[in-house]
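Trainee: Below you'll find the structure I mean.
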4 protein chains.
Amino acid sequence: MAGNSFGNLFKITTFGESHGRAIGAIIDGCPAGLKIDSDHIQKDLNRRKPGQSSIVTQRKEPDEFEILSGIMNGVTTGTPLCIVVWNTNQKSKDYSHIKDLWRPSHADYTYEKKYGNRDYRGGGRSSARETVARVASGAIAKQILSEVGISINAYVSQVGTIELTKRYDEVDLSLTETNDVRCPDSHIAVQMTNLIKKIKKEGNTIGGKISCVIENVPVGLGEPVFNKLHAIMGSAMMGINAVKGFEYGSGFDSIKMTGSEHNDVFEKKGDDISTGTNFSGGIQGGISNGMPIYFNVAFKPVATIMRDQESINEGGEKVTITGKGRHDPCVVPRAVPIVEAMAALVLVDFLMLNNSIKLEDLL
Amino acid sequence: MAGNSFGNLFKITTFGESHGRAIGAIIDGCPAGLKIDSDHIQKDLNRRKPGQSSIVTQRKEPDEFEILSGIMNGVTTGTPLCIVVWNTNQKSKDYSHIKDLWRPSHADYTYEKKYGNRDYRGGGRSSARETVARVASGAIAKQILSEVGISINAYVSQVGTIELTKRYDEVDLSLTETNDVRCPDSHIAVQMTNLIKKIKKEGNTIGGKISCVIENVPVGLGEPVFNKLHAIMGSAMMGINAVKGFEYGSGFDSIKMTGSEHNDVFEKKGDDISTGTNFSGGIQGGISNGMPIYFNVAFKPVATIMRDQESINEGGEKVTITGKGRHDPCVVPRAVPIVEAMAALVLVDFLMLNNSIKLEDLL
Amino acid sequence: MAGNSFGNLFKITTFGESHGRAIGAIIDGCPAGLKIDSDHIQKDLNRRKPGQSSIVTQRKEPDEFEILSGIMNGVTTGTPLCIVVWNTNQKSKDYSHIKDLWRPSHADYTYEKKYGNRDYRGGGRSSARETVARVASGAIAKQILSEVGISINAYVSQVGTIELTKRYDEVDLSLTETNDVRCPDSHIAVQMTNLIKKIKKEGNTIGGKISCVIENVPVGLGEPVFNKLHAIMGSAMMGINAVKGFEYGSGFDSIKMTGSEHNDVFEKKGDDISTGTNFSGGIQGGISNGMPIYFNVAFKPVATIMRDQESINEGGEKVTITGKGRHDPCVVPRAVPIVEAMAALVLVDFLMLNNSIKLEDLL
Amino acid sequence: MAGNSFGNLFKITTFGESHGRAIGAIIDGCPAGLKIDSDHIQKDLNRRKPGQSSIVTQRKEPDEFEILSGIMNGVTTGTPLCIVVWNTNQKSKDYSHIKDLWRPSHADYTYEKKYGNRDYRGGGRSSARETVARVASGAIAKQILSEVGISINAYVSQVGTIELTKRYDEVDLSLTETNDVRCPDSHIAVQMTNLIKKIKKEGNTIGGKISCVIENVPVGLGEPVFNKLHAIMGSAMMGINAVKGFEYGSGFDSIKMTGSEHNDVFEKKGDDISTGTNFSGGIQGGISNGMPIYFNVAFKPVATIMRDQESINEGGEKVTITGKGRHDPCVVPRAVPIVEAMAALVLVDFLMLNNSIKLEDLL
């Protein structure tokens, strides 16, 4: 209710502020018998980690995790896993200058008004550092999905005006991790990197887009009406910091299309049923149809810029805010594993829900 | 869990297929003491009703509602309201030809595979007729919101390539209901209407876009992290039939913007705090900041077309489907009240949730 | 949240007042492919029905049900079932004398204060008539359980001081329905019946106890910590009107026992693991262990008596209430199917939840 | 769903095994602006702590807590609180002898069968040590309740056959903490203590009963139908380890009473409305009526005894289990703060829920 939980059968509840003791999550409902792959979790945390390359924030945070409960000899027991990442590199003093004022397009003002107080250090709970708990939890979800053959691959498809125009099925997903910006096209990746560097030099920030492809999803995931697969996926993505839009399959382009162009014709090849085109994005009536699921997520430019900005303080007086600290010029390279993590949480939950749909499932 | 409920404190659970006895909803958590405005509910149902104009489906359904519980002398008692709309114009025979086959880009195949059987008549539960229950429930939610001064106005902003390019604050919302297409610009409305008529004559369908503006929202609605106001709003919109995308505030355009362009500077005028620009779309850190909330919803072209289409049947054999029945050439004119209804459900729920955020709320 | 829903994967939401249009329930999550046995549902409704014998209220209500959605050709489709029972025998005038006053030990005062108004006719939503929706829903749950071999049998084990002292495993459950009071011992049943008749003649009411035995439950149902099988079962029972207490297995008698007496020793016979004694009541650590589950539920005497009683009205003035209408002298004979219904709802939900506990369940 | 969360608006999710790194809880929904009273929390933890007196287990665990998130300068910010208690005194070797066998009346067998594996050390997640997280969370809930004037006092009312026969309103609650057994009657307390010592000397254990009184509850808490105040309270109590029964108000005694004896007559004194008797236990129709709430909770004898017991191992062979380790001869003295904690969690949640019941609450 208070919004710090996500999922139903596979449910995570996160806690922690960027400058408190720790960030973490409880995973309630993780199936028993899963051998936790710590390297895999750490690898995803490292993909999200600050300081990983020259085009992201230069803060140094080791982001090592610890599992406090729910495993025995490295195997899940079916009881709740509590995963924590200790905060170690907080420079709380960096934030004393914003204690009594509201940074433009941050959550300072809304938190203050909603709660009557706020942890102003590093954005407190509104910090994107909260997503470290999602990535750790999502890595476990991804491990479960890989056991059933489902793969999730996100990549950066746009930075500012530099766009990867290839369709989801024209992209070589194995190239994503070969460059700092996480674009699976080395030529475009260079352009994106150069743009980010230029923007950074100007003390500014820039928006971006992440695309995600999910393959080998069994037919039947997603619930009709309110919990359509894409509705919960959309909610998962919109819940990531800085996200402004979500579209799946044909998305906003479908507005201009006619039905005869847009309809995906069913085909049967051997025992497999597929569709010729995939404007449906792998989801029909809110339920996966076995085709690849793909979607786009729009990220706004980071609000913290290294320039002077006008604002007001709590007393309503005009103030000038000077950009300080170590921040990302563009959020999308580090957000790729976050998108994957949230997508994995959605899918594992629907997979578990789908286990009791037919009477025969109970017999 | 099974996805037929929406909301937490103000929760609706819908039931009914397009060709069953009735469509309806239970509203659990409606505050006591609300004098139900039946005319207001019926007016919204009429805005969604088939046969209302020449550019929508010509099915005739009276869509009159009945409240079976939860009111005494027209006033809510705090107990669950069950609202039903009886089905009266079903022509189930229209659908016998699709009993054993899967229409392209419909939910036939996915429902069949998920559940092992399906109600094929009129799409059964996947029919957009299910939204009649949402509109009735949403009308009650809108009535509550109007008591606290919040207004919700949706309108059609695009049909195919015909686009209303005015910003949300340049539009005269009082014009929306003056034309059949529900576009608040009479010049553009004519173009949209003509396009829809042309498409219909071709036995085809076309996509569209609905924009929505919410005004006078108090500061503080929405929950941080997963239940951000725009995350739940996005989920609500993505859960409407035929929706392919959602964006709020600057949306997908933010990708190309820099932070210095995008940041909304706070201003104080008298006692009021506002922002100069409103790229944030009235939401910062997932919480309303008092500025107008605005968002766009993309609808794909209706899948049922009046043309022959190839598909396969349950046996995997190729078949030709002939378009039959009475269907919408473009869904957006009738979807305007659905968008408003879902938005209202989201806001009432957050309003109620927000009543216990501070310790002082309990004292 | 507002408390009109029960269950998670198999969830019912009930609506309706005793003197409104109808009482009903939406079942969301009923597995697809169940052939609904209407006779079975009606049979359970008849066991709860007023006027069924001389020892219950003489109101005449046919209590026939109708399913508005979620089935096709009598088989569930996996979409929500809405079941309604129409109200037909309301005598609202019977209640005008209590419009402005608070009957002792009823919900009049608390509803009025909580909601600011109330439907005073027949107790409105607080009427035990609401349970008709539970019995109909529970009958469907019982049908599912019978498919997996689980049986639920409740019976009256005490009325006033007349007590059936046989243990749960000494009782012949096939005798329960052979007498009006639903006690599976014909000798004790006569004594109970006589006591109820005597109490009724005196214009008074009397309390009672229902016992319930559940057999063939697979090992593993129930969730540790808060959702222990007996915690949710207890909640289900305490949620029935007039219930004042719940105990399972050794119950309150365990207080006087020592560990060496109370511990149930495991035994292996062939492939079956069982326990010599069953003080655990079939549940250990909140999870079913395969032994019979048994529990007791205490019901207070009905608050409506056919005698003059003192009370106060809304203005705080003393008033005398004269007993009127047609009421039960003892609630337990009609509550037997309600206990079974709620138990069935609990078990089906845990059965479905248990389908995704181990990783291998997903593979 | 997986059962490690409790509550709705004020929701706790617990984690941790008795022999893992830590036990803890996330509190999601704690109102902002509460100054945390650490001494108060520690005091309640100390009341639950092992080794506190000669009649409880002699394990030494400091049970000191740490709050990892959700507070700034000691005041809650409205974001999730994560409270942990580190495990420090685990003697895992004590448990190696039970690794492959099932102790009578423990959760060994059911966990093993449900999950396919289990943490056998100290009962793992089924250990009563899990309740340390509830007590810490409940202490915060009690602090909130004390701000609104509500007090919760539990006490031991029975150990074996030694019973405190005084009614809830005849007891001097200030005496509870004056003796080790937590019985508010020094004479009875001595008898209880002697019985526990005798039982302990015999290597045996004994059951007990805890009573709880809640005063100054405002009228209106609790939700009708399934979430009646006593239904959720019953669920909260039945969810505590070793609990076998729950009754409130007249409880099981009401079975023998007539309506004319049992009905609580309303009275008006000055502006206050009360009832002459209080068999209703402060709850009518599931909603608090302003009178004291009182209830009883039955605890079975602890399953671990210091005697040889027969059982079987995983292979189905007969084995003899020798009692080992440091265990409680009677659980009730240490369970008093657990009962209070769970009661507090129930009440705070209902208090918050009740803030949006009437339309006027929203205006």
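Naming works like this for the structure tokens: A, B, ... for the chains as they're shown, residue 1 at the start of each chain, ligands 1 onward in shown order.
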Neighbouring residues of Pro329 (chain A) were defined as those with any atom within 7 Å, considering only C-alpha atoms; residues of the same chain fewer than 5 positions away were excluded. Please report them as a list of chain:residue names.
Mentor: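 Residues meeting the cut-off are A:Val56, A:Ile196, A:Ile199, A:Lys200, A:Asn204, A:Thr205, A:Ile206, A:Val302.
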Trainee: Restricted to C-alpha atoms, what would the selected residues look like written as a PDB file, in the first residue's frame?
Mentor:
ATOM      1  CA  VAL A  56      28.683   7.763 -15.489  1.00  0.00           C
ATOM      2  CA  ILE A 196      27.265  12.164 -23.256  1.00  0.00           C
ATOM      3  CA  ILE A 199      26.893  17.161 -22.401  1.00  0.00           C
ATOM      4  CA  LYS A 200      28.875  16.358 -19.279  1.00  0.00           C
ATOM      5  CA  ASN A 204      24.395  19.492 -18.395  1.00  0.00           C
ATOM      6  CA  THR A 205      22.481  16.197 -18.659  1.00  0.00           C
ATOM      7  CA  ILE A 206      20.551  14.451 -21.412  1.00  0.00           C
ATOM      8  CA  VAL A 302      18.865  13.877 -14.836  1.00  0.00           C
TER       9      VAL A 302
END
Trainee: Give as an NGL selection string every residue of chain A that touches chain C within 7 Å, counting only C-alpha atoms.
Mentor: :A and (31-34 or 78 or 148 or 352 or 355-359 or 363)
Trainee: Can you tell me, as a list in words, which residues in region 197-235 of chain B count as strand (DSSP E or B) by DSSP?
Mentor: Ile206, Gly208, Lys209, Ile210, Ser211, Cys212, Val213, Ile214 and Glu215 of chain B
Trainee: Write the residues you've just listed into a file as a short mmCIF file (atom, residue, chain, number, x, y, z; two decimals), in the first residue's frame, and include N, CA and C atoms for each of them.
Mentor:
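Writing done, so here's result_2.cif:
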data_model
loop_
_atom_site.label_atom_id
_atom_site.label_comp_id
_atom_site.auth_asym_id
_atom_site.auth_seq_id
_atom_site.Cartn_x
_atom_site.Cartn_y
_atom_site.Cartn_z
N ILE B 206 -8.44 2.41 -37.64
CA ILE B 206 -7.28 3.32 -37.50
C ILE B 206 -7.01 3.58 -36.01
N GLY B 208 -5.33 5.83 -32.63
CA GLY B 208 -5.58 7.18 -32.14
C GLY B 208 -4.90 7.43 -30.81
N LYS B 209 -5.01 8.66 -30.36
CA LYS B 209 -4.37 9.04 -29.09
C LYS B 209 -5.35 9.84 -28.26
N ILE B 210 -5.36 9.58 -26.96
CA ILE B 210 -6.16 10.37 -26.03
C ILE B 210 -5.22 11.06 -25.07
N SER B 211 -5.50 12.35 -24.85
CA SER B 211 -4.75 13.11 -23.85
C SER B 211 -5.68 13.38 -22.68
N CYS B 212 -5.09 13.55 -21.50
CA CYS B 212 -5.90 13.77 -20.30
C CYS B 212 -5.24 14.81 -19.42
N VAL B 213 -6.04 15.71 -18.89
CA VAL B 213 -5.56 16.77 -18.01
C VAL B 213 -6.31 16.68 -16.68
N ILE B 214 -5.55 16.71 -15.59
CA ILE B 214 -6.15 16.64 -14.25
C ILE B 214 -5.72 17.88 -13.49
N GLU B 215 -6.71 18.62 -13.02
CA GLU B 215 -6.38 19.90 -12.38
C GLU B 215 -6.82 19.93 -10.92
#
Trainee: Name all residues at most 9 Å from Ser126 (chain B) (count only C-alpha atoms; drop same-chain ones fewer than 3 positions away) and give them as a PyMOL selection string.
Mentor: (chain A and resi 224-225+285-286) or (chain B and resi 17-18+106-108+111+122-123+129-130+241)
Trainee: Limited to C-alpha atoms, could you put the picked residues into a file as a PDB file, in the first residue's frame?
Mentor:
ATOM      1  CA  PRO A 224      -6.847 -10.216 -18.237  1.00  0.00           C
ATOM      2  CA  VAL A 225      -8.442  -6.871 -17.438  1.00  0.00           C
ATOM      3  CA  GLY A 285      -5.402  -9.428 -24.656  1.00  0.00           C
ATOM      4  CA  GLY A 286      -2.862  -8.853 -21.911  1.00  0.00           C
TER       5      GLY A 286
ATOM      6  CA  GLU B  17     -18.627 -11.103 -20.472  1.00  0.00           C
ATOM      7  CA  SER B  18     -20.008  -9.235 -23.450  1.00  0.00           C
ATOM      8  CA  HIS B 106      -7.376 -10.630 -30.752  1.00  0.00           C
ATOM      9  CA  ALA B 107      -7.218 -12.489 -27.432  1.00  0.00           C
ATOM     10  CA  ASP B 108      -8.741 -15.680 -28.867  1.00  0.00           C
ATOM     11  CA  TYR B 111      -7.279 -17.072 -23.713  1.00  0.00           C
ATOM     12  CA  GLY B 122     -18.051 -11.218 -28.670  1.00  0.00           C
ATOM     13  CA  GLY B 123     -14.624 -11.708 -27.200  1.00  0.00           C
ATOM     14  CA  ARG B 129     -17.602  -4.116 -23.215  1.00  0.00           C
ATOM     15  CA  GLU B 130     -16.002  -4.957 -19.849  1.00  0.00           C
ATOM     16  CA  ASN B 241      -8.165  -2.554 -24.176  1.00  0.00           C
TER      17      ASN B 241
END
Trainee: Can you tell me which residues surround Ser280 (chain D) at a distance of at most 10 Å, considering only C-alpha atoms, apart from same-chain residues fewer than 3 positions away, and format the answer as a PyMOL selection string?
Mentor: (chain C and resi 104-106+242+244+300) or (chain D and resi 248-251+254+262-264+275+277+283-286+288-289+291-294)
Trainee: What lies within 6 Å of region 133-141 of chain C using only C-alpha atoms, ignoring chain neighbours under 6 positions off, as a PyMOL selection string?
Mentor: chain C and resi 24-25+41+338+341+344-345
Trainee: How would the residues just chosen look if you wrote them out with C-alpha atoms as a PDB file, in the first residue's frame?
Mentor:
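File result_35.pdb, as written:
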ATOM      1  CA  GLY C  24     -23.949 -11.917  -3.905  1.00  0.00           C
ATOM      2  CA  ALA C  25     -20.289 -12.554  -4.443  1.00  0.00           C
ATOM      3  CA  ILE C  41     -24.677 -25.390  -4.492  1.00  0.00           C
ATOM      4  CA  ILE C 338     -21.292 -21.555   6.744  1.00  0.00           C
ATOM      5  CA  ALA C 341     -17.955 -22.909   3.318  1.00  0.00           C
ATOM      6  CA  ALA C 344     -13.350 -24.663   2.006  1.00  0.00           C
ATOM      7  CA  LEU C 345     -12.390 -21.151   0.883  1.00  0.00           C
TER       8      LEU C 345
END
Trainee: Can you check which residues of region 150-265 of chain B DSSP gives as helix (DSSP H, G or I) on the backbone and send them as a ChimeraX atom specification?
Mentor: /B:168-170,173-178,186-201,225-227,229-238,251-256,259-262
Trainee: Residues as selected, C-alpha atoms, written as an mmCIF file, in the first residue's frame, can you do that?
Mentor:
data_model
loop_
_atom_site.group_PDB
_atom_site.id
_atom_site.type_symbol
_atom_site.label_atom_id
_atom_site.label_comp_id
_atom_site.auth_asym_id
_atom_site.auth_seq_id
_atom_site.Cartn_x
_atom_site.Cartn_y
_atom_site.Cartn_z
ATOM 1 C CA TYR B 168 -2.504 20.653 -22.779
ATOM 2 C CA ASP B 169 -2.724 24.213 -21.478
ATOM 3 C CA GLU B 170 -3.574 25.714 -24.856
ATOM 4 C CA LEU B 173 -11.511 21.659 -22.636
ATOM 5 C CA SER B 174 -15.106 22.866 -22.791
ATOM 6 C CA LEU B 175 -15.171 22.066 -26.516
ATOM 7 C CA THR B 176 -14.464 18.339 -26.192
ATOM 8 C CA GLU B 177 -18.088 17.238 -26.046
ATOM 9 C CA THR B 178 -19.169 19.525 -28.873
ATOM 10 C CA SER B 186 -13.558 21.964 -34.047
ATOM 11 C CA HIS B 187 -11.316 22.336 -37.097
ATOM 12 C CA ILE B 188 -9.200 19.288 -36.297
ATOM 13 C CA ALA B 189 -12.314 17.416 -35.218
ATOM 14 C CA VAL B 190 -13.749 17.684 -38.688
ATOM 15 C CA GLN B 191 -10.566 16.269 -40.202
ATOM 16 C CA MET B 192 -10.553 13.403 -37.707
ATOM 17 C CA THR B 193 -14.196 12.624 -38.411
ATOM 18 C CA ASN B 194 -13.598 12.597 -42.122
ATOM 19 C CA LEU B 195 -10.648 10.267 -41.726
ATOM 20 C CA ILE B 196 -12.641 7.861 -39.592
ATOM 21 C CA LYS B 197 -15.491 7.847 -42.122
ATOM 22 C CA LYS B 198 -13.070 7.179 -44.958
ATOM 23 C CA ILE B 199 -11.380 4.344 -43.046
ATOM 24 C CA LYS B 200 -14.741 2.850 -42.186
ATOM 25 C CA LYS B 201 -15.830 2.913 -45.793
ATOM 26 C CA VAL B 225 9.194 3.809 -5.226
ATOM 27 C CA PHE B 226 6.839 1.280 -6.887
ATOM 28 C CA ASN B 227 3.499 3.029 -6.498
ATOM 29 C CA LEU B 229 1.427 8.275 -9.097
ATOM 30 C CA HIS B 230 2.439 7.942 -12.745
ATOM 31 C CA ALA B 231 3.320 4.251 -12.361
ATOM 32 C CA ILE B 232 -0.169 3.397 -11.149
ATOM 33 C CA MET B 233 -1.706 5.817 -13.639
ATOM 34 C CA GLY B 234 0.301 4.140 -16.376
ATOM 35 C CA SER B 235 -0.842 0.729 -15.236
ATOM 36 C CA ALA B 236 -4.447 1.948 -15.196
ATOM 37 C CA MET B 237 -4.162 3.197 -18.772
ATOM 38 C CA MET B 238 -2.209 0.220 -20.103
ATOM 39 C CA GLY B 251 7.058 11.912 -22.055
ATOM 40 C CA PHE B 252 9.039 10.491 -24.946
ATOM 41 C CA ASP B 253 10.038 14.006 -25.981
ATOM 42 C CA SER B 254 12.158 14.256 -22.828
ATOM 43 C CA ILE B 255 14.643 11.849 -24.397
ATOM 44 C CA LYS B 256 15.971 14.646 -26.592
ATOM 45 C CA GLY B 259 18.457 18.946 -17.931
ATOM 46 C CA SER B 260 18.757 22.710 -18.165
ATOM 47 C CA GLU B 261 15.845 22.796 -20.613
ATOM 48 C CA HIS B 262 13.753 20.238 -18.782
#
Trainee: What's the separation between CA of Cys183 (chain D) and CA of His327 (chain D), in Å to one decimal place?
Mentor: 20.8 Å
Trainee: Which distance in Å separates CA of Phe299 (chain D) and CA of Ile287 (chain D), to one decimal?
Mentor: 26.2 Å
